[in-house]
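Dumped upload.txt below, it's compact mmCIF, C-alpha atoms:
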```txt
# COMPACT_ATOMS: atom_id res chain seq x y z
CA MET J 1 -138.04 17.67 -72.98
CA SER J 2 -136.12 14.69 -71.69
CA GLY J 3 -133.40 13.00 -73.68
CA TYR J 4 -135.69 10.01 -74.13
CA LEU J 5 -138.23 12.09 -76.06
CA HIS J 6 -135.50 13.18 -78.48
CA TYR J 7 -135.48 9.74 -80.10
CA LEU J 8 -139.24 9.63 -80.43
CA LYS J 9 -139.16 13.01 -82.14
CA VAL J 10 -136.37 12.00 -84.52
CA CYS J 11 -137.93 8.66 -85.45
CA ASN J 12 -141.36 10.18 -86.07
CA ALA J 13 -140.31 13.23 -88.09
CA TYR J 14 -142.62 12.77 -91.07
CA ASN J 15 -144.83 15.10 -93.13
CA PRO J 16 -147.51 13.21 -95.11
CA ALA J 17 -147.66 16.05 -97.65
CA ASP J 18 -144.16 15.10 -98.83
CA TYR J 19 -145.32 11.64 -99.97
CA ARG J 20 -147.88 9.94 -102.16
CA PRO J 21 -149.38 6.65 -100.99
CA TRP J 22 -149.54 3.72 -103.35
CA SER J 23 -151.82 0.73 -103.21
CA ILE J 24 -152.61 -2.72 -104.57
CA SER J 25 -156.28 -3.73 -104.83
CA GLY J 26 -157.24 -0.79 -102.64
CA ALA J 27 -154.84 -1.68 -99.81
CA MET J 28 -152.21 0.94 -99.01
CA ILE J 29 -148.78 -0.68 -99.38
CA GLY J 30 -146.30 2.19 -99.24
CA GLN J 31 -145.60 5.89 -99.57
CA VAL J 32 -143.15 7.47 -102.00
CA ARG J 33 -141.58 10.89 -102.44
CA HIS J 34 -143.06 12.98 -105.25
CA PRO J 35 -140.01 12.65 -107.57
CA VAL J 36 -140.28 8.87 -107.20
CA ALA J 37 -144.02 8.96 -107.89
CA GLU J 38 -143.38 10.76 -111.18
CA GLN J 39 -141.04 7.96 -112.26
CA LEU J 40 -143.34 5.12 -111.23
CA THR J 41 -146.11 6.11 -113.63
CA GLY J 42 -143.85 4.80 -116.39
CA PHE J 43 -143.68 1.34 -114.78
CA GLY J 44 -147.28 0.27 -114.55
CA PHE J 45 -148.39 2.47 -111.63
CA ALA J 46 -151.70 4.24 -112.37
CA ASP J 47 -151.93 7.89 -111.33
CA GLN J 48 -155.17 8.35 -109.40
CA GLY J 49 -154.61 11.92 -108.32
CA GLY J 50 -153.56 11.80 -104.72
CA THR J 51 -152.48 8.17 -104.89
CA LEU J 52 -150.76 5.65 -107.15
CA ALA J 53 -152.05 2.15 -107.74
CA LEU J 54 -150.71 -1.11 -109.10
CA PRO J 55 -153.31 -3.38 -110.68
CA PRO J 56 -153.78 -6.73 -108.93
CA ALA J 57 -151.57 -9.51 -110.22
CA SER J 58 -149.88 -12.70 -109.07
CA PHE J 59 -147.08 -12.66 -106.51
CA GLU J 60 -144.57 -13.27 -109.30
CA GLY J 61 -146.10 -10.65 -111.58
CA LEU J 62 -146.11 -7.92 -108.93
CA SER J 63 -142.56 -8.80 -107.88
CA GLU J 64 -141.37 -8.51 -111.49
CA THR J 65 -143.11 -5.16 -111.95
CA LEU J 66 -141.49 -3.83 -108.80
CA ALA J 67 -138.06 -5.11 -109.81
CA LYS J 68 -138.33 -3.27 -113.14
CA ALA J 69 -139.54 -0.12 -111.40
CA THR J 70 -136.65 -0.33 -108.96
CA ASP J 71 -134.17 -0.64 -111.83
CA GLY J 72 -135.73 2.45 -113.37
CA LEU J 73 -135.40 4.38 -110.13
CA ARG J 74 -131.74 3.39 -109.87
CA THR J 75 -131.12 4.60 -113.42
CA ALA J 76 -132.69 7.91 -112.43
CA GLY J 77 -130.55 8.09 -109.28
CA LEU J 78 -133.55 7.66 -107.00
CA ALA J 79 -132.85 4.24 -105.47
CA ALA J 80 -129.95 2.62 -103.66
CA LYS J 81 -127.97 -0.33 -104.96
CA PRO J 82 -129.54 -3.78 -104.47
CA ARG J 83 -128.91 -5.60 -101.20
CA GLY J 84 -129.61 -9.11 -102.46
CA GLU J 85 -132.21 -9.77 -99.76
CA LEU J 86 -135.95 -9.77 -100.42
CA TYR J 87 -138.50 -8.17 -98.14
CA PRO J 88 -142.26 -8.86 -98.30
CA LEU J 89 -144.88 -6.35 -99.43
CA LEU J 90 -147.57 -6.36 -96.75
CA ALA J 91 -150.97 -4.74 -96.50
CA HIS J 92 -150.84 -5.43 -92.75
CA PRO J 93 -148.08 -6.74 -90.44
CA ASP J 94 -149.88 -10.08 -90.06
CA SER J 95 -151.05 -10.51 -93.66
CA ALA J 96 -149.63 -12.77 -96.37
CA PRO J 97 -147.01 -11.18 -98.66
CA LEU J 98 -148.35 -9.77 -101.92
CA ALA J 99 -144.92 -9.55 -103.57
CA ALA J 100 -141.21 -9.33 -102.83
CA LEU J 101 -138.94 -6.28 -103.07
CA ASP J 102 -135.18 -5.96 -102.71
CA ARG J 103 -134.28 -4.62 -99.28
CA GLY J 104 -132.27 -1.82 -100.87
CA ALA J 105 -135.48 -0.22 -102.18
CA ALA J 106 -137.66 -0.64 -99.07
CA THR J 107 -137.21 2.98 -98.00
CA GLU J 108 -137.69 4.40 -101.50
CA PHE J 109 -141.03 2.58 -101.81
CA GLY J 110 -141.96 3.34 -98.19
CA ILE J 111 -143.13 -0.21 -97.53
CA LEU J 112 -143.79 -1.71 -94.12
CA ASN J 113 -140.39 -2.91 -92.97
CA ARG J 114 -140.44 -5.53 -90.20
CA GLY J 115 -137.60 -6.67 -87.98
CA PHE J 116 -136.77 -7.34 -84.34
CA HIS J 117 -134.62 -5.99 -81.51
CA LEU J 118 -133.52 -8.12 -78.58
CA ASN J 119 -132.36 -6.87 -75.18
CA GLY J 120 -129.85 -9.25 -73.59
CA ILE J 121 -130.26 -9.03 -69.82
CA VAL J 122 -128.26 -10.39 -66.89
CA ARG J 123 -129.69 -10.31 -63.34
CA ARG J 124 -127.05 -10.25 -60.61
CA VAL J 125 -127.08 -9.61 -56.89
CA ASP J 126 -125.65 -6.15 -57.61
CA GLY J 127 -128.40 -5.22 -60.08
CA THR J 128 -129.63 -5.51 -63.66
CA PHE J 129 -127.12 -5.48 -66.51
CA MET J 130 -127.58 -5.22 -70.28
CA TRP J 131 -125.40 -6.57 -73.07
CA VAL J 132 -124.53 -3.81 -75.55
CA ALA J 133 -123.06 -4.52 -78.97
CA ARG J 134 -120.57 -2.32 -80.86
CA ARG J 135 -121.26 -2.35 -84.59
CA ALA J 136 -118.31 -3.20 -86.83
CA ARG J 137 -116.33 -0.17 -87.97
CA ASN J 138 -116.50 -1.33 -91.60
CA LYS J 139 -120.29 -1.62 -91.75
CA ALA J 140 -121.96 0.42 -94.48
CA THR J 141 -124.58 1.71 -92.04
CA TYR J 142 -123.89 3.30 -88.65
CA PRO J 143 -120.34 1.94 -88.31
CA GLY J 144 -118.99 1.85 -84.76
CA LYS J 145 -122.31 2.77 -83.15
CA LEU J 146 -123.65 0.97 -80.09
CA ASP J 147 -126.47 -1.49 -80.75
CA ASN J 148 -128.82 -3.89 -79.02
CA MET J 149 -127.39 -7.32 -78.29
CA VAL J 150 -129.11 -8.72 -81.40
CA ALA J 151 -131.28 -7.05 -84.04
CA GLY J 152 -132.16 -7.74 -87.63
CA GLY J 153 -134.55 -7.20 -90.50
CA HIS J 154 -137.23 -9.72 -91.38
CA PRO J 155 -136.76 -11.07 -94.92
CA ILE J 156 -139.43 -12.95 -96.81
CA GLY J 157 -139.82 -16.69 -96.35
CA ILE J 158 -138.88 -17.02 -92.68
CA SER J 159 -140.96 -16.94 -89.51
CA PRO J 160 -140.28 -14.43 -86.73
CA PHE J 161 -139.11 -17.24 -84.44
CA ASP J 162 -136.72 -18.76 -86.99
CA ASN J 163 -135.41 -15.30 -87.85
CA LEU J 164 -134.73 -14.73 -84.15
CA LEU J 165 -132.77 -17.98 -83.87
CA LYS J 166 -130.80 -17.25 -87.05
CA GLU J 167 -129.78 -13.73 -86.08
CA CYS J 168 -128.96 -14.69 -82.48
CA HIS J 169 -126.49 -17.28 -83.79
CA GLU J 170 -125.03 -15.11 -86.56
CA GLU J 171 -124.57 -11.91 -84.56
CA ALA J 172 -123.82 -13.11 -81.04
CA GLY J 173 -123.11 -16.84 -81.10
CA ILE J 174 -126.20 -17.59 -78.99
CA PRO J 175 -127.12 -21.29 -79.22
CA PRO J 176 -130.69 -22.01 -80.37
CA GLU J 177 -131.67 -23.61 -77.06
CA ILE J 178 -130.81 -20.33 -75.29
CA ALA J 179 -132.21 -18.02 -77.99
CA ALA J 180 -135.50 -19.94 -77.84
CA THR J 181 -136.02 -18.73 -74.26
CA ALA J 182 -136.27 -15.10 -75.43
CA ARG J 183 -139.55 -13.60 -74.29
CA PRO J 184 -141.55 -11.65 -76.91
CA THR J 185 -142.66 -8.37 -75.34
CA GLY J 186 -144.54 -6.54 -78.09
CA THR J 187 -143.80 -4.19 -80.97
CA ILE J 188 -142.41 -0.73 -81.65
CA SER J 189 -143.36 1.29 -84.73
CA TYR J 190 -142.48 4.62 -86.30
CA GLN J 191 -142.49 6.54 -89.58
CA MET J 192 -139.27 8.44 -90.23
CA ALA J 193 -138.56 10.68 -93.20
CA ILE J 194 -135.04 10.55 -94.60
CA PRO J 195 -133.66 11.89 -97.91
CA ALA J 196 -133.98 8.47 -99.58
CA GLY J 197 -137.65 8.06 -98.70
CA LEU J 198 -139.76 6.88 -95.79
CA ARG J 199 -138.85 4.37 -93.10
CA ARG J 200 -142.11 2.69 -92.06
CA HIS J 201 -140.68 0.37 -89.45
CA MET J 202 -142.35 -2.11 -87.14
CA PHE J 203 -140.14 -4.38 -85.09
CA TYR J 204 -140.84 -7.11 -82.59
CA THR J 205 -139.15 -6.73 -79.22
CA TYR J 206 -137.68 -9.49 -77.07
CA ASP J 207 -136.04 -9.81 -73.68
CA LEU J 208 -133.47 -12.58 -73.29
CA GLU J 209 -132.32 -13.23 -69.73
CA LEU J 210 -128.88 -14.80 -69.74
CA ASP J 211 -126.79 -16.59 -67.18
CA PRO J 212 -123.89 -14.41 -65.95
CA SER J 213 -121.50 -17.05 -67.26
CA PHE J 214 -122.65 -16.65 -70.88
CA ILE J 215 -120.42 -14.41 -73.01
CA PRO J 216 -121.69 -13.47 -76.51
CA GLN J 217 -119.26 -13.82 -79.41
CA PRO J 218 -119.36 -11.98 -82.76
CA ILE J 219 -119.77 -14.54 -85.56
CA ASP J 220 -120.69 -12.89 -88.87
CA GLY J 221 -118.70 -9.66 -88.60
CA GLU J 222 -121.73 -7.41 -88.08
CA VAL J 223 -120.61 -6.74 -84.50
CA GLU J 224 -117.13 -5.78 -83.36
CA SER J 225 -117.53 -6.50 -79.65
CA PHE J 226 -119.95 -6.86 -76.74
CA GLU J 227 -119.91 -5.17 -73.34
CA LEU J 228 -122.02 -5.90 -70.27
CA LEU J 229 -123.12 -2.60 -68.70
CA PRO J 230 -125.12 -1.77 -65.56
CA ILE J 231 -128.61 -0.64 -66.55
CA GLY J 232 -127.99 2.73 -64.92
CA GLN J 233 -125.04 3.33 -67.23
CA VAL J 234 -127.11 2.34 -70.26
CA MET J 235 -129.81 4.80 -69.17
CA GLU J 236 -127.23 7.56 -68.82
CA ILE J 237 -125.86 6.92 -72.31
CA VAL J 238 -129.31 6.88 -73.91
CA GLU J 239 -130.51 10.01 -72.12
CA ASN J 240 -127.38 12.11 -72.51
CA ASP J 241 -125.54 10.94 -75.65
CA PRO J 242 -127.87 10.92 -78.68
CA ASP J 243 -125.07 9.84 -81.02
CA ALA J 244 -123.92 6.76 -79.10
CA PHE J 245 -126.48 4.15 -80.23
CA LYS J 246 -127.83 3.45 -83.69
CA TYR J 247 -130.94 5.60 -83.75
CA ASN J 248 -133.72 2.98 -83.37
CA CYS J 249 -131.88 0.88 -80.79
CA ASN J 250 -132.68 3.62 -78.30
CA LEU J 251 -136.39 2.87 -78.75
CA ALA J 252 -135.92 -0.79 -77.83
CA ILE J 253 -133.98 0.21 -74.71
CA ILE J 254 -136.53 2.85 -73.70
CA ASP J 255 -139.30 0.28 -74.13
CA PHE J 256 -137.40 -2.08 -71.82
CA LEU J 257 -136.91 0.70 -69.26
CA VAL J 258 -140.64 1.51 -69.23
CA ARG J 259 -141.77 -2.12 -69.03
CA HIS J 260 -139.43 -2.87 -66.11
CA GLY J 261 -140.09 0.30 -64.14
CA PHE J 262 -136.71 1.98 -64.63
CA ILE J 263 -138.67 4.82 -66.22
CA ALA J 264 -141.57 5.16 -63.80
CA PRO J 265 -144.89 7.08 -63.89
CA ASP J 266 -143.39 9.91 -61.85
CA HIS J 267 -141.10 10.77 -64.79
CA PRO J 268 -142.34 14.14 -66.18
CA ASP J 269 -142.55 12.76 -69.74
CA TYR J 270 -143.83 9.29 -68.86
CA PHE J 271 -147.04 9.33 -70.92
CA GLU J 272 -145.38 10.74 -74.03
CA ILE J 273 -142.53 8.25 -73.76
CA ALA J 274 -144.76 5.22 -73.21
CA SER J 275 -147.35 6.11 -75.85
CA GLY J 276 -144.87 7.40 -78.43
CA LEU J 277 -143.19 4.04 -78.99
CA ARG J 278 -146.07 2.68 -81.03
CA GLN J 279 -147.13 5.00 -83.84
CA PRO J 280 -149.85 3.98 -86.34
CA LEU J 281 -148.50 2.87 -89.72
CA PHE J 282 -151.81 2.62 -91.60
```

Hey, can you dump this file as structure tokens for me?
Amino acid sequence: MSGYLHYLKVCNAYNPADYRPWSISGAMIGQVRHPVAEQLTGFGFADQGGTLALPPASFEGLSETLAKATDGLRTAGLAAKPRGELYPLLAHPDSAPLAALDRGAATEFGILNRGFHLNGIVRRVDGTFMWVARRARNKATYPGKLDNMVAGGHPIGISPFDNLLKECHEEAGIPPEIAATARPTGTISYQMAIPAGLRRHMFYTYDLELDPSFIPQPIDGEVESFELLPIGQVMEIVENDPDAFKYNCNLAIIDFLVRHGFIAPDHPDYFEIASGLRQPLF
């Protein structure tokens, strides 16, 4: 098994038997661990045997119910502290939000969690280069790890395009007129079991080709520094050092490598690599 397949295996380590799905109006919204499911029946969730269900209600009503349930989970030691950023509850990636949930409980409720990853690319006469970010050492999550040039979650109330412009400015000082030239290239999805719950992630991918004269600058403190690396060196890091990058950043890089022919069909794991980047979430 190649080093590239390692990340697909890690990000898709998930046993459905460890979770109970929950729904609203018959639409599956999330999956929760069994200890969490036992708590939720005290907060308006109906136990329907193999599944849990919330009765249909208004956006505000569902959001309030979920906020109370989240507080109860925190009291029981089953949810993380609030993050102060709301994520949408979605029955489908392209559907309208049914409710809002604090980002800190997204994994515990196993909801669809959208975001984006952007590969910053420089084409030079001596080859293709990629901008790599170093996460700040004081970050609560994955401090000091390598990262894509720009990446971010997708909170409620903002379009994918506006979220792209916002994060490009905040993380790398990329002006909106440059960020707007980023090319959307598709999606990556995975379901990953962790002790806190289930990461059901779908993120949009972008390629942003930059002039060699442009130098990204950390703005909001999320990133410590940027380094421009030859694509061959990036490939070597991804394939041989599984601890270098934040775990899901590797998927965005592998996707880029496949789309641009750096991982070619003669690679012994080509089909598994190419097909494993987009796992079904429903």

_Applying 6 Å and all atoms listed in the file, which residues near Pro21 of chain J remain after dropping the ones on its own chain fewer than 4 positions away? List them as a ChimeraX atom specification._
/J:30-31,51

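For the atom pair formed by atom CA of Leu146 of chain J and atom CA of Phe129 of chain J, the distance is 15.4 Å, given to one decimal.
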
_Computed interatomic separation between atom CA of Ser159 of chain J and atom CA of Arg259 of chain J (Å)_ = 25.3 Å

*asked:* Using Å and a single decimal, report how far atom CA of Pro82 of chain J sits from atom CA of Ala105 of chain J.
replied: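 Taking atom CA of Ala105 of chain J as the start and atom CA of Pro82 of chain J as the end point, the length is 7.3 Å.
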
_Top pick for closest residue to Glu177 of chain J, considering J:Leu210, J:Pro155, J:Arg135, J:Arg74 and counting all atoms listed in the file_ =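 Nearest to Glu177 of chain J: J:Leu210.
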
_Gly232 of chain J environment, 12 Å, all atoms listed in the file, sequence neighbours closer than 6 positions dropped, as a PyMOL selection string_ = chain J and resi 126-130+238-239+253+257+262-263

_When you count only C-alpha atoms, which of these residues is closest to Ile188 of chain J: J:Asp255, J:Asp94, J:Asp102, J:Glu64?_
J:Asp255

Residues within 7 Å of (-141.0, 8.1, -96.4), counting only C-alpha atoms, listed as a CSV table (one decimal) with C-alpha atoms, in the frame of the given file:
```csv
chain,number,residue,atom,x,y,z
J,19,TYR,CA,-145.3,11.6,-100.0
J,31,GLN,CA,-145.6,5.9,-99.6
J,32,VAL,CA,-143.2,7.5,-102.0
J,33,ARG,CA,-141.6,10.9,-102.4
J,107,THR,CA,-137.2,3.0,-98.0
J,110,GLY,CA,-142.0,3.3,-98.2
J,192,MET,CA,-139.3,8.4,-90.2
J,193,ALA,CA,-138.6,10.7,-93.2
J,194,ILE,CA,-135.0,10.6,-94.6
J,197,GLY,CA,-137.6,8.1,-98.7
J,198,LEU,CA,-139.8,6.9,-95.8
J,199,ARG,CA,-138.8,4.4,-93.1
```

*Exercise: Ala274 of chain J partners within 9 Å, all atoms listed in the file, chain neighbours under 4 positions left out, as JSON, numbers by chain*: {"J": [254, 255, 258, 259, 269, 270, 278]}

*asked:* Just want the 12 Å neighbourhood of Leu66 of chain J, counted on all atoms listed in the file, with same-chain residues fewer than 2 positions away dropped. Output as JSON, numbers by chain.
replied: {"J": [24, 40, 41, 42, 43, 44, 45, 54, 55, 57, 59, 60, 61, 62, 63, 64, 68, 69, 70, 71, 72, 73, 86, 87, 88, 89, 98, 99, 100, 101, 102, 103, 105, 106, 108, 109, 111]}

Listed atoms of segment 50-57 of chain J boxed axis-aligned with 4 Å per side, centre + edges as AutoDock Vina command-line options:
```
--center_x -152.2 --center_y 1.1 --center_z -107.7 --size_x 11.1 --size_y 29.3 --size_z 14.0
```

*Quick one: of J:Gln217, J:Thr65, J:Ser225, J:Gln48, who's nearest to Arg137 of chain J, counting all atoms listed in the file?*
J:Ser225

_Residues near Asn240 of chain J, anyone? I mean within 9 Å using only C-alpha atoms, not counting same-chain ones fewer than 3 positions away, as a PyMOL selection string._
chain J and resi 3-4+235-237

*Looking at all atoms listed in the file, which of J:Ser23, J:Thr185, J:Gln39, J:Ser213 is the one that sits closest to Leu52 of chain J?*
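Answer, going by the shortest atom-to-atom distance: J:Ser23.
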
*Of the candidates J:Gly84, J:Pro230, J:Gly50, J:Pro216, which one gets nearest to Pro175 of chain J if we count all atoms listed in the file?*
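When distances to Pro175 of chain J are compared using all atoms listed in the file, the smallest one comes from J:Pro216.
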
Hey, could you make a per-residue contact list for segment 174-258 of chain J against segment 6-12 of chain J with 8 Å as the cut-off, showing the nearest pair of atoms and its distance in Å to one decimal, counting only C-alpha atoms, sorted by chain and number, as JSON lines?
```
{"residue": "J:Tyr190", "atom": "CA", "partner": "J:Asn12", "partner_atom": "CA", "distance": 5.7}
{"residue": "J:Gln191", "atom": "CA", "partner": "J:Asn12", "partner_atom": "CA", "distance": 5.2}
{"residue": "J:Met192", "atom": "CA", "partner": "J:Cys11", "partner_atom": "CA", "distance": 5.0}
{"residue": "J:Ala193", "atom": "CA", "partner": "J:Asn12", "partner_atom": "CA", "distance": 7.7}
{"residue": "J:Pro242", "atom": "CA", "partner": "J:Tyr7", "partner_atom": "CA", "distance": 7.8}
{"residue": "J:Tyr247", "atom": "CA", "partner": "J:Tyr7", "partner_atom": "CA", "distance": 7.1}
{"residue": "J:Asn248", "atom": "CA", "partner": "J:Cys11", "partner_atom": "CA", "distance": 7.4}
{"residue": "J:Asn250", "atom": "CA", "partner": "J:Tyr7", "partner_atom": "CA", "distance": 7.0}
{"residue": "J:Leu251", "atom": "CA", "partner": "J:Tyr7", "partner_atom": "CA", "distance": 7.1}
```

Selected residues, C-alpha atoms, written as a PDB file, in the coordinates of the input, please.
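Just written: again.pdb:
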```
ATOM      1  CA  TYR J 190    -142.480   4.620 -86.300  1.00  0.00           C
ATOM      2  CA  GLN J 191    -142.490   6.540 -89.580  1.00  0.00           C
ATOM      3  CA  MET J 192    -139.270   8.440 -90.230  1.00  0.00           C
ATOM      4  CA  ALA J 193    -138.560  10.680 -93.200  1.00  0.00           C
ATOM      5  CA  PRO J 242    -127.870  10.920 -78.680  1.00  0.00           C
ATOM      6  CA  TYR J 247    -130.940   5.600 -83.750  1.00  0.00           C
ATOM      7  CA  ASN J 248    -133.720   2.980 -83.370  1.00  0.00           C
ATOM      8  CA  ASN J 250    -132.680   3.620 -78.300  1.00  0.00           C
ATOM      9  CA  LEU J 251    -136.390   2.870 -78.750  1.00  0.00           C
TER      10      LEU J 251
END
```
